[in-house]
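Trainee: Got query.cif for you, mmCIF, C-alpha atoms and all ligand atoms:
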data_final
#
loop_
_atom_site.label_atom_id
_atom_site.label_comp_id
_atom_site.auth_asym_id
_atom_site.auth_seq_id
_atom_site.Cartn_x
_atom_site.Cartn_y
_atom_site.Cartn_z
CA MET X 18 -36.87 12.81 -16.89
CA LYS X 19 -33.82 14.99 -16.31
CA LYS X 20 -30.44 13.54 -17.20
CA TYR X 21 -27.97 13.65 -14.29
CA LEU X 22 -24.23 13.57 -14.80
CA ILE X 23 -21.96 13.31 -11.76
CA LEU X 24 -18.22 14.06 -11.50
CA THR X 25 -16.35 12.89 -8.41
CA GLY X 26 -12.86 13.47 -7.02
CA ALA X 27 -10.78 12.40 -4.06
CA GLY X 28 -12.99 14.28 -1.57
CA ILE X 29 -15.82 11.75 -1.95
CA SER X 30 -13.53 8.97 -0.71
CA ALA X 31 -12.00 11.01 2.13
CA GLU X 32 -14.67 9.88 4.60
CA SER X 33 -13.82 6.25 3.73
CA GLY X 34 -10.27 6.96 4.91
CA ILE X 35 -8.54 7.45 1.54
CA GLN X 36 -6.09 10.36 1.46
CA THR X 37 -6.86 13.19 -0.95
CA PHE X 38 -4.10 14.79 -3.03
CA ARG X 39 -4.06 18.49 -2.20
CA ASP X 40 -5.51 18.84 1.31
CA SER X 41 -2.94 19.45 4.05
CA GLY X 42 -1.15 16.13 4.66
CA GLY X 43 -2.50 14.86 1.29
CA LEU X 44 -0.57 12.61 -1.06
CA TRP X 45 1.12 15.44 -2.95
CA ALA X 46 2.48 16.88 0.31
CA ASN X 47 4.62 13.77 0.83
CA HIS X 48 5.33 12.62 -2.72
CA ARG X 49 6.62 14.47 -5.75
CA VAL X 50 4.04 14.19 -8.54
CA GLU X 51 6.78 14.03 -11.19
CA ASP X 52 8.40 11.06 -9.37
CA VAL X 53 5.33 8.86 -8.87
CA ALA X 54 2.71 10.09 -11.36
CA SER X 55 4.48 10.82 -14.63
CA PRO X 56 5.83 8.68 -17.51
CA GLN X 57 9.32 10.13 -16.90
CA GLY X 58 9.20 9.20 -13.21
CA PHE X 59 8.25 5.63 -14.14
CA GLN X 60 11.06 5.39 -16.68
CA LYS X 61 13.57 6.65 -14.10
CA ASN X 62 12.47 4.54 -11.15
CA PRO X 63 9.74 1.95 -11.80
CA LYS X 64 10.31 0.36 -8.38
CA LEU X 65 9.51 3.62 -6.55
CA VAL X 66 6.40 4.12 -8.66
CA TRP X 67 5.20 0.54 -8.09
CA ASN X 68 5.79 0.90 -4.34
CA PHE X 69 3.61 4.01 -4.33
CA TYR X 70 0.76 2.30 -6.22
CA LYS X 71 1.06 -0.96 -4.24
CA GLU X 72 0.48 1.13 -1.10
CA ARG X 73 -2.46 2.91 -2.70
CA PHE X 74 -3.97 -0.45 -3.79
CA ALA X 75 -3.46 -1.94 -0.30
CA GLU X 76 -5.19 1.12 1.18
CA THR X 77 -8.30 0.49 -0.97
CA LEU X 78 -8.59 -3.06 0.37
CA LYS X 79 -8.84 -1.76 3.95
CA VAL X 80 -11.69 0.70 3.37
CA GLU X 81 -15.38 0.61 2.51
CA PRO X 82 -17.70 2.82 0.43
CA ASN X 83 -19.19 5.61 2.59
CA PRO X 84 -22.72 7.13 2.64
CA ALA X 85 -21.86 9.40 -0.32
CA HIS X 86 -20.89 6.45 -2.55
CA LEU X 87 -24.03 4.59 -1.44
CA ALA X 88 -26.22 7.61 -2.21
CA LEU X 89 -24.89 7.66 -5.80
CA SER X 90 -25.61 3.97 -6.16
CA LYS X 91 -29.19 4.61 -4.96
CA LEU X 92 -29.52 7.48 -7.45
CA GLU X 93 -28.37 5.32 -10.36
CA LYS X 94 -30.81 2.54 -9.43
CA ALA X 95 -33.67 5.06 -9.59
CA LEU X 96 -32.57 7.01 -12.68
CA GLN X 97 -31.12 4.13 -14.74
CA ASP X 98 -30.04 5.51 -18.15
CA ASP X 99 -30.67 9.09 -17.00
CA PHE X 100 -27.64 8.73 -14.71
CA TYR X 101 -23.94 8.69 -15.51
CA LEU X 102 -20.91 8.93 -13.28
CA ILE X 103 -17.47 10.20 -14.23
CA THR X 104 -14.80 9.72 -11.58
CA GLN X 105 -11.23 10.91 -11.31
CA ASN X 106 -10.76 8.39 -8.51
CA VAL X 107 -8.83 5.18 -9.01
CA ASP X 108 -9.92 3.49 -5.76
CA GLY X 109 -12.82 1.41 -7.17
CA LEU X 110 -15.19 2.47 -4.36
CA HIS X 111 -18.01 3.56 -6.71
CA THR X 112 -18.06 0.14 -8.34
CA ARG X 113 -18.00 -1.53 -4.93
CA ALA X 114 -20.94 0.65 -3.89
CA GLY X 115 -22.89 -0.71 -6.87
CA ASN X 116 -22.57 1.94 -9.60
CA LYS X 117 -22.47 0.51 -13.13
CA ARG X 118 -22.79 3.49 -15.47
CA ILE X 119 -19.33 4.80 -14.67
CA TYR X 120 -16.29 6.14 -16.50
CA GLU X 121 -13.06 5.89 -14.48
CA MET X 122 -11.27 8.60 -16.44
CA HIS X 123 -7.97 8.31 -14.53
CA GLY X 124 -7.87 4.50 -14.62
CA ARG X 125 -7.97 2.09 -11.69
CA LEU X 126 -5.57 0.84 -9.03
CA SER X 127 -6.87 -2.72 -9.36
CA SER X 128 -5.46 -3.15 -12.85
CA ALA X 129 -2.06 -3.04 -14.60
CA PHE X 130 -0.91 -3.44 -18.19
CA CYS X 131 2.24 -4.44 -20.05
CA THR X 132 4.47 -1.67 -21.41
CA GLY X 133 5.45 -4.06 -24.25
CA CYS X 134 2.34 -5.87 -25.49
CA SER X 135 -0.44 -4.01 -23.56
CA LYS X 136 -1.80 -7.23 -21.99
CA ARG X 137 -3.94 -6.30 -18.98
CA TYR X 138 -3.72 -7.87 -15.54
CA GLN X 139 -5.63 -7.70 -12.28
CA VAL X 140 -3.22 -6.37 -9.63
CA SER X 141 -4.58 -9.03 -7.24
CA GLU X 142 -3.15 -11.76 -9.54
CA LEU X 143 0.37 -10.23 -9.65
CA ASP X 144 3.34 -11.18 -7.49
CA LEU X 145 3.55 -7.97 -5.49
CA ASP X 146 6.67 -9.17 -3.62
CA SER X 147 8.67 -8.56 -6.79
CA ASP X 148 9.92 -4.96 -7.10
CA VAL X 149 8.43 -4.52 -10.57
CA PRO X 150 5.97 -7.12 -11.92
CA LEU X 151 6.74 -8.55 -15.37
CA CYS X 152 4.48 -9.65 -18.23
CA SER X 153 3.96 -13.44 -18.39
CA LYS X 154 3.50 -13.18 -22.18
CA CYS X 155 6.42 -11.00 -23.35
CA GLY X 156 8.58 -10.42 -20.24
CA LYS X 157 8.44 -6.59 -20.35
CA ILE X 158 7.61 -4.60 -17.24
CA LEU X 159 4.02 -3.90 -16.24
CA ARG X 160 2.73 -0.48 -15.20
CA PRO X 161 -0.24 0.53 -13.09
CA ASP X 162 -3.40 1.22 -15.13
CA VAL X 163 -3.51 4.78 -13.82
CA VAL X 164 -3.43 7.91 -15.99
CA TRP X 165 -0.39 10.05 -15.17
CA PHE X 166 0.29 13.73 -15.72
CA GLU X 167 0.92 14.51 -19.40
CA GLU X 168 -1.14 11.44 -20.38
CA ILE X 169 -4.59 11.59 -21.91
CA PRO X 170 -7.44 10.52 -19.63
CA TYR X 171 -9.71 7.66 -20.71
CA TYR X 172 -13.19 8.02 -22.28
CA LEU X 173 -12.94 11.72 -23.27
CA TYR X 174 -15.23 11.29 -26.31
CA GLU X 175 -17.92 9.55 -24.29
CA ILE X 176 -17.58 12.16 -21.53
CA GLU X 177 -17.90 15.07 -23.95
CA ALA X 178 -21.17 13.67 -25.31
CA LEU X 179 -22.51 13.27 -21.77
CA LEU X 180 -21.49 16.84 -20.82
CA LYS X 181 -23.33 18.23 -23.82
CA SER X 182 -26.51 16.29 -23.21
CA CYS X 183 -26.96 16.34 -19.41
CA ASP X 184 -29.56 18.55 -17.68
CA VAL X 185 -27.91 18.58 -14.26
CA PHE X 186 -24.16 18.31 -13.63
CA VAL X 187 -23.17 17.50 -10.03
CA ILE X 188 -19.55 17.86 -8.88
CA LEU X 189 -18.49 16.15 -5.67
CA GLY X 190 -15.24 16.40 -3.71
CA THR X 191 -12.80 17.74 -6.27
CA SER X 192 -10.54 20.79 -6.06
CA GLY X 193 -11.24 21.78 -9.69
CA THR X 194 -7.54 22.24 -10.43
CA VAL X 195 -6.66 19.31 -12.70
CA TYR X 196 -7.64 19.55 -16.36
CA PRO X 197 -9.43 18.36 -18.36
CA ALA X 198 -11.83 17.36 -15.52
CA ALA X 199 -11.73 20.87 -14.00
CA GLY X 200 -13.09 22.26 -17.29
CA PHE X 201 -16.03 19.85 -17.63
CA VAL X 202 -18.30 22.25 -15.72
CA MET X 203 -17.73 24.92 -18.39
CA THR X 204 -18.82 22.59 -21.20
CA ALA X 205 -21.86 21.39 -19.25
CA LYS X 206 -22.90 24.97 -18.46
CA LEU X 207 -22.29 26.18 -22.00
CA PHE X 208 -24.64 23.45 -23.25
CA GLY X 209 -27.36 24.44 -20.79
CA ALA X 210 -26.94 22.23 -17.73
CA HIS X 211 -27.69 23.37 -14.19
CA THR X 212 -24.49 22.89 -12.17
CA ILE X 213 -24.28 21.87 -8.51
CA ALA X 214 -21.25 21.15 -6.29
CA ILE X 215 -20.53 19.87 -2.80
CA ASN X 216 -17.00 20.41 -1.49
CA LEU X 217 -15.24 20.95 1.82
CA SER X 218 -13.44 24.00 0.43
CA LYS X 219 -14.21 26.38 -2.42
CA PRO X 220 -13.09 24.75 -5.69
CA ASP X 221 -11.04 26.72 -8.24
CA ASN X 222 -13.86 26.59 -10.81
CA LEU X 223 -16.52 27.97 -8.43
CA ASN X 224 -17.55 30.67 -10.96
CA PHE X 225 -19.23 28.06 -13.15
CA ILE X 226 -21.24 26.48 -10.34
CA ASP X 227 -24.88 27.54 -9.94
CA GLU X 228 -25.51 25.92 -6.53
CA PHE X 229 -22.58 25.41 -4.17
CA TYR X 230 -22.76 23.58 -0.83
CA LEU X 231 -19.78 23.84 1.51
CA GLY X 232 -19.41 20.65 3.54
CA LYS X 233 -18.81 16.92 3.47
CA CYS X 234 -20.22 14.70 0.73
CA GLY X 235 -21.06 11.95 3.23
CA GLU X 236 -23.29 14.36 5.14
CA LEU X 237 -24.77 16.55 2.39
CA LEU X 238 -25.19 14.13 -0.51
CA PRO X 239 -27.59 11.51 0.97
CA PRO X 240 -30.30 14.14 1.77
CA MET X 241 -29.70 15.80 -1.63
CA VAL X 242 -30.29 12.45 -3.39
CA ASP X 243 -33.45 11.90 -1.33
CA ARG X 244 -34.73 15.32 -2.44
CA ILE X 245 -34.02 14.46 -6.10
CA LEU X 246 -35.85 11.15 -5.74
CA GLU X 247 -38.87 12.80 -4.09
CA GLU X 248 -39.19 15.19 -7.03
CA LEU X 249 -39.18 12.44 -9.67
P1 LIG X 301 -7.78 17.03 -4.57
O1 LIG X 301 -6.99 16.45 -3.43
O2 LIG X 301 -7.13 18.00 -5.46
O3 LIG X 301 -9.10 17.73 -4.00
C1 LIG X 301 -9.95 17.11 -3.11
C2 LIG X 301 -11.05 18.10 -2.75
O4 LIG X 301 -12.00 17.43 -1.92
C3 LIG X 301 -10.56 19.33 -1.95
O5 LIG X 301 -11.06 20.50 -2.58
C4 LIG X 301 -11.16 19.13 -0.56
O6 LIG X 301 -11.55 20.34 0.04
C5 LIG X 301 -12.36 18.28 -0.86
N1 LIG X 301 -12.78 17.38 0.23
C6 LIG X 301 -12.02 16.73 1.15
N2 LIG X 301 -12.78 15.97 1.95
C7 LIG X 301 -14.07 16.14 1.52
C8 LIG X 301 -15.33 15.61 1.94
N3 LIG X 301 -15.44 14.74 2.94
N4 LIG X 301 -16.44 16.00 1.26
C9 LIG X 301 -16.34 16.90 0.23
N5 LIG X 301 -15.19 17.43 -0.19
C10 LIG X 301 -14.06 17.04 0.42
O7 LIG X 301 -8.36 15.78 -5.37
P2 LIG X 301 -8.96 15.75 -6.87
O8 LIG X 301 -9.69 17.02 -7.16
O9 LIG X 301 -9.71 14.47 -7.00
O10 LIG X 301 -4.88 12.78 -10.75
O11 LIG X 301 -7.66 15.68 -7.72
C11 LIG X 301 -7.76 15.55 -9.11
C12 LIG X 301 -6.63 14.73 -9.66
O12 LIG X 301 -5.39 15.26 -9.18
C13 LIG X 301 -6.60 13.29 -9.17
O13 LIG X 301 -7.44 12.44 -9.91
C14 LIG X 301 -5.15 12.92 -9.34
C15 LIG X 301 -4.54 14.18 -8.76
O14 LIG X 301 -3.26 14.46 -9.13
C16 LIG X 301 -3.97 11.89 -11.18
O15 LIG X 301 -3.33 11.19 -10.42
C17 LIG X 301 -3.83 11.88 -12.67
ZN ZN X 302 3.65 -8.11 -22.47
#
Since I need it in another form, could you write the structure as structure tokens?
Ligand code: OAD
Ligand code: ZN

Mentor:
Amino acid sequence: MKKYLILTGAGISAESGIQTFRDSGGLWANHRVEDVASPQGFQKNPKLVWNFYKERFAETLKVEPNPAHLALSKLEKALQDDFYLITQNVDGLHTRAGNKRIYEMHGRLSSAFCTGCSKRYQVSELDLDSDVPLCSKCGKILRPDVVWFEEIPYYLYEIEALLKSCDVFVILGTSGTVYPAAGFVMTAKLFGAHTIAINLSKPDNLNFIDEFYLGKCGELLPPMVDRILEEL
């Protein structure tokens, strides 16, 4: 059986009602990245950063996985260990849709950790009325468990091994501008994978994509998954 590796970005959650980053009216149109998504921004104004991520977390509680998330869950159930999912998204929608073989490389909105002792917390168990939540163990401030610019994404070793061993690499709803994720397609292709993408606009790394479909993940992915399953 062919090994499938999937990479998703904000576009796959757009049809659930989550704002993307770089589309017109996206998050980075109204917020400065260096203020809300960098270690320096957090040091300067942790309250502003927490407000931003509290809003993002609240947004995830109001939405549901869409047909694209559900199609990936169906694909994993059929392929089992021949499926793996890497996501840049922090909204938790893939897990809610039922995916288990998943690497959330940019972290998750539902979790926070202590800047002093690294103790992890579920955001749902924190007092979100306080400006900046504090650690119950050591009293230092907590930060969202989200990877910021200039920080190293999670699971890069595991991801590299998957990129080198997959047969098909499918990229869904990402602008292909943020590294290292934007470069994954090059590694996959270099090691022999067939590369496929679905996106509402042409991604920056289009040159490395063998099959490109312009459109919405929620509309194009479910029939694509059905075709893959028919060919098994
Ligand atoms: P972007 O906002 O950069 O790109 C989203 C892409 O999805 C765009 O190319 C859209 O055209 C496309 N899109 C929108 N709706 C779609 C739909 N329904 N179906 C298919 N495609 C759709 O988001 P990302 O590429 O995920 O990092 O951004 C990557 C990283 O940059 C994020 O993880 C975040 C951000 O800064 C951090 O916060 C560290
Ligand atoms: Zn602590």

Trainee: Counting all atoms listed in the file, what is within 10 Å of Leu159 (chain X), bar same-chain residues fewer than 4 positions away, as an mmCIF file with C-alpha atoms, in the frame of the given file?

Mentor:
data_model
loop_
_atom_site.group_PDB
_atom_site.id
_atom_site.type_symbol
_atom_site.label_atom_id
_atom_site.label_comp_id
_atom_site.auth_asym_id
_atom_site.auth_seq_id
_atom_site.Cartn_x
_atom_site.Cartn_y
_atom_site.Cartn_z
ATOM 1 C CA PRO X 63 9.740 1.950 -11.800
ATOM 2 C CA TRP X 67 5.200 0.540 -8.090
ATOM 3 C CA ALA X 129 -2.060 -3.040 -14.600
ATOM 4 C CA PHE X 130 -0.910 -3.440 -18.190
ATOM 5 C CA CYS X 131 2.240 -4.440 -20.050
ATOM 6 C CA THR X 132 4.470 -1.670 -21.410
ATOM 7 C CA GLY X 133 5.450 -4.060 -24.250
ATOM 8 C CA CYS X 134 2.340 -5.870 -25.490
ATOM 9 C CA SER X 135 -0.440 -4.010 -23.560
ATOM 10 C CA LYS X 136 -1.800 -7.230 -21.990
ATOM 11 C CA ARG X 137 -3.940 -6.300 -18.980
ATOM 12 C CA TYR X 138 -3.720 -7.870 -15.540
ATOM 13 C CA LEU X 143 0.370 -10.230 -9.650
ATOM 14 C CA VAL X 149 8.430 -4.520 -10.570
ATOM 15 C CA PRO X 150 5.970 -7.120 -11.920
ATOM 16 C CA LEU X 151 6.740 -8.550 -15.370
ATOM 17 C CA CYS X 152 4.480 -9.650 -18.230
ATOM 18 C CA SER X 153 3.960 -13.440 -18.390
#

Trainee: May I have the residues within 10 Å of Asn216 (chain X) as a VMD selection string, using all atoms listed in the file and disregarding those fewer than 2 positions away in the same chain?

Mentor: chain X and resid 26 28 to 29 188 to 192 214 218 to 220 229 to 234 237

Trainee: Next, the residues of the selection above should be written as a short mmCIF file (atom, residue, chain, number, x, y, z; two decimals), in the coordinates of the input with C-alpha atoms.

Mentor:
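Below is the file result04.cif, written as the result:
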data_model
loop_
_atom_site.label_atom_id
_atom_site.label_comp_id
_atom_site.auth_asym_id
_atom_site.auth_seq_id
_atom_site.Cartn_x
_atom_site.Cartn_y
_atom_site.Cartn_z
CA GLY X 26 -12.86 13.47 -7.02
CA GLY X 28 -12.99 14.28 -1.57
CA ILE X 29 -15.82 11.75 -1.95
CA ILE X 188 -19.55 17.86 -8.88
CA LEU X 189 -18.49 16.15 -5.67
CA GLY X 190 -15.24 16.40 -3.71
CA THR X 191 -12.80 17.74 -6.27
CA SER X 192 -10.54 20.79 -6.06
CA ALA X 214 -21.25 21.15 -6.29
CA SER X 218 -13.44 24.00 0.43
CA LYS X 219 -14.21 26.38 -2.42
CA PRO X 220 -13.09 24.75 -5.69
CA PHE X 229 -22.58 25.41 -4.17
CA TYR X 230 -22.76 23.58 -0.83
CA LEU X 231 -19.78 23.84 1.51
CA GLY X 232 -19.41 20.65 3.54
CA LYS X 233 -18.81 16.92 3.47
CA CYS X 234 -20.22 14.70 0.73
CA LEU X 237 -24.77 16.55 2.39
#

Trainee: What separation in Å, quoted to one decimal, exists between CA of Gly34 (chain X) and atom C15 of ligand LIG 301 (chain X)?

Mentor: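 Between CA of Gly34 (chain X) and atom C15 of ligand LIG 301 (chain X) the gap works out to 16.5 Å.
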
Trainee: Tell me which protein, DNA and RNA residues are within 7 Å of region 96-107 of chain X, counting all atoms listed in the file, leaving out same-chain ones fewer than 3 positions away, and put them as a ChimeraX atom specification.

Mentor: /X:19-27,92-93,118-126

Trainee: Which residue is closest to ligand LIG 301 (chain X)? Choose from X:Gly156, X:Gly209, X:Gly115, X:Gly42 and count all atoms listed in the file.

Mentor: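 Among the listed residues, the smallest separation from ligand LIG 301 (chain X) belongs to X:Gly42.
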
Trainee: Rounded to one decimal place, report the atom C4 of ligand LIG 301 (chain X)-CA of Phe38 (chain X) distance in Å.

Mentor: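 Atom-to-atom, atom C4 of ligand LIG 301 (chain X) and CA of Phe38 (chain X) are spaced 8.6 Å apart.
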
Trainee: Env of Lys206 (chain X): 12 Å cut, atoms = only C-alpha atoms, seq-sep filter 2 positions within chain, self excluded. Answer as a PDB file with C-alpha atoms, keeping the file's coordinate frame.

Mentor:
ATOM      1  CA  LEU X 180     -21.490  16.840 -20.820  1.00  0.00           C
ATOM      2  CA  LYS X 181     -23.330  18.230 -23.820  1.00  0.00           C
ATOM      3  CA  SER X 182     -26.510  16.290 -23.210  1.00  0.00           C
ATOM      4  CA  CYS X 183     -26.960  16.340 -19.410  1.00  0.00           C
ATOM      5  CA  ASP X 184     -29.560  18.550 -17.680  1.00  0.00           C
ATOM      6  CA  VAL X 185     -27.910  18.580 -14.260  1.00  0.00           C
ATOM      7  CA  PHE X 186     -24.160  18.310 -13.630  1.00  0.00           C
ATOM      8  CA  VAL X 187     -23.170  17.500 -10.030  1.00  0.00           C
ATOM      9  CA  GLY X 200     -13.090  22.260 -17.290  1.00  0.00           C
ATOM     10  CA  PHE X 201     -16.030  19.850 -17.630  1.00  0.00           C
ATOM     11  CA  VAL X 202     -18.300  22.250 -15.720  1.00  0.00           C
ATOM     12  CA  MET X 203     -17.730  24.920 -18.390  1.00  0.00           C
ATOM     13  CA  THR X 204     -18.820  22.590 -21.200  1.00  0.00           C
ATOM     14  CA  PHE X 208     -24.640  23.450 -23.250  1.00  0.00           C
ATOM     15  CA  GLY X 209     -27.360  24.440 -20.790  1.00  0.00           C
ATOM     16  CA  ALA X 210     -26.940  22.230 -17.730  1.00  0.00           C
ATOM     17  CA  HIS X 211     -27.690  23.370 -14.190  1.00  0.00           C
ATOM     18  CA  THR X 212     -24.490  22.890 -12.170  1.00  0.00           C
ATOM     19  CA  ILE X 213     -24.280  21.870  -8.510  1.00  0.00           C
ATOM     20  CA  ASN X 222     -13.860  26.590 -10.810  1.00  0.00           C
ATOM     21  CA  ASN X 224     -17.550  30.670 -10.960  1.00  0.00           C
ATOM     22  CA  PHE X 225     -19.230  28.060 -13.150  1.00  0.00           C
ATOM     23  CA  ILE X 226     -21.240  26.480 -10.340  1.00  0.00           C
ATOM     24  CA  ASP X 227     -24.880  27.540  -9.940  1.00  0.00           C
TER      25      ASP X 227
END

Trainee: Find the distance between atom O12 of ligand LIG 301 (chain X) and CA of Met241 (chain X) and write it in Å to one decimal.

Mentor: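 Those two atoms sit 25.5 Å apart.
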
Trainee: Please, which residues are within 6 Å of (1.3, 13.2, -11.5) by the file's coordinates, counting only C-alpha atoms, and could they come as a PyMOL selection string?

Mentor: chain X and resi 50-51+54-55+165-166

Trainee: Kindly export the residues of the current selection with C-alpha atoms, as a short mmCIF file (atom, residue, chain, number, x, y, z; two decimals), in the frame of the given file.

Mentor:
data_model
loop_
_atom_site.label_atom_id
_atom_site.label_comp_id
_atom_site.auth_asym_id
_atom_site.auth_seq_id
_atom_site.Cartn_x
_atom_site.Cartn_y
_atom_site.Cartn_z
CA VAL X 50 4.04 14.19 -8.54
CA GLU X 51 6.78 14.03 -11.19
CA ALA X 54 2.71 10.09 -11.36
CA SER X 55 4.48 10.82 -14.63
CA TRP X 165 -0.39 10.05 -15.17
CA PHE X 166 0.29 13.73 -15.72
#

Trainee: Report, as JSON, the axis-aligned box around all atoms of region 87-106 of chain X present in the file, extended by 4 Å on each side; give centre and edge lengths in Å to one decimal place.

Mentor:
{"center_x": -22.2, "center_y": 6.7, "center_z": -9.8, "size_x": 30.9, "size_y": 16.4, "size_z": 24.7}

Trainee: So, with only C-alpha atoms and all ligand atoms as the atoms that count, which of X:Val164, X:Ala46, X:Val140, X:Leu110 lies closest to ligand LIG 301 (chain X)?

Mentor: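 Comparing X:Val164, X:Ala46, X:Val140, X:Leu110 against ligand LIG 301 (chain X), the winner is X:Val164.
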
Trainee: Quick one: of X:Asp52, X:Asp40, X:Glu142, X:Asp148, who's nearest to Lys64 (chain X), counting all atoms listed in the file?

Mentor: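 Using all atoms listed in the file, the shortest distance to Lys64 (chain X) belongs to X:Asp148.
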
Trainee: Of the candidates X:Ile158, X:Pro240, X:Asp221, X:Glu177, which one gets nearest to Ala205 (chain X) if we count all atoms listed in the file?

Mentor: X:Glu177

Trainee: Which residue, X:Leu238, X:Leu223, X:Ile169, X:Cys155, has the smallest gap to ligand ZN 302 (chain X) when you use all atoms listed in the file?

Mentor: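 Looking at the shortest contact to ligand ZN 302 (chain X), the residue is X:Cys155.
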
Trainee: Using all atoms listed in the file, which of X:Leu145, X:Ala199, X:Val80, X:Ala114 sits nearest ligand LIG 301 (chain X)?

Mentor: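 Closest residue, counting all atoms listed in the file: X:Ala199.
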
Trainee: If we count all atoms listed in the file, what is near Asn116 (chain X) at a cut-off of 8 Å, once residues fewer than 3 positions away on the same chain are taken out, given as an mmCIF file with C-alpha atoms, keeping the file's coordinate frame?

Mentor:
data_model
loop_
_atom_site.group_PDB
_atom_site.id
_atom_site.type_symbol
_atom_site.label_atom_id
_atom_site.label_comp_id
_atom_site.auth_asym_id
_atom_site.auth_seq_id
_atom_site.Cartn_x
_atom_site.Cartn_y
_atom_site.Cartn_z
ATOM 1 C CA LEU X 89 -24.890 7.660 -5.800
ATOM 2 C CA SER X 90 -25.610 3.970 -6.160
ATOM 3 C CA GLU X 93 -28.370 5.320 -10.360
ATOM 4 C CA HIS X 111 -18.010 3.560 -6.710
ATOM 5 C CA THR X 112 -18.060 0.140 -8.340
ATOM 6 C CA ARG X 113 -18.000 -1.530 -4.930
ATOM 7 C CA ILE X 119 -19.330 4.800 -14.670
#
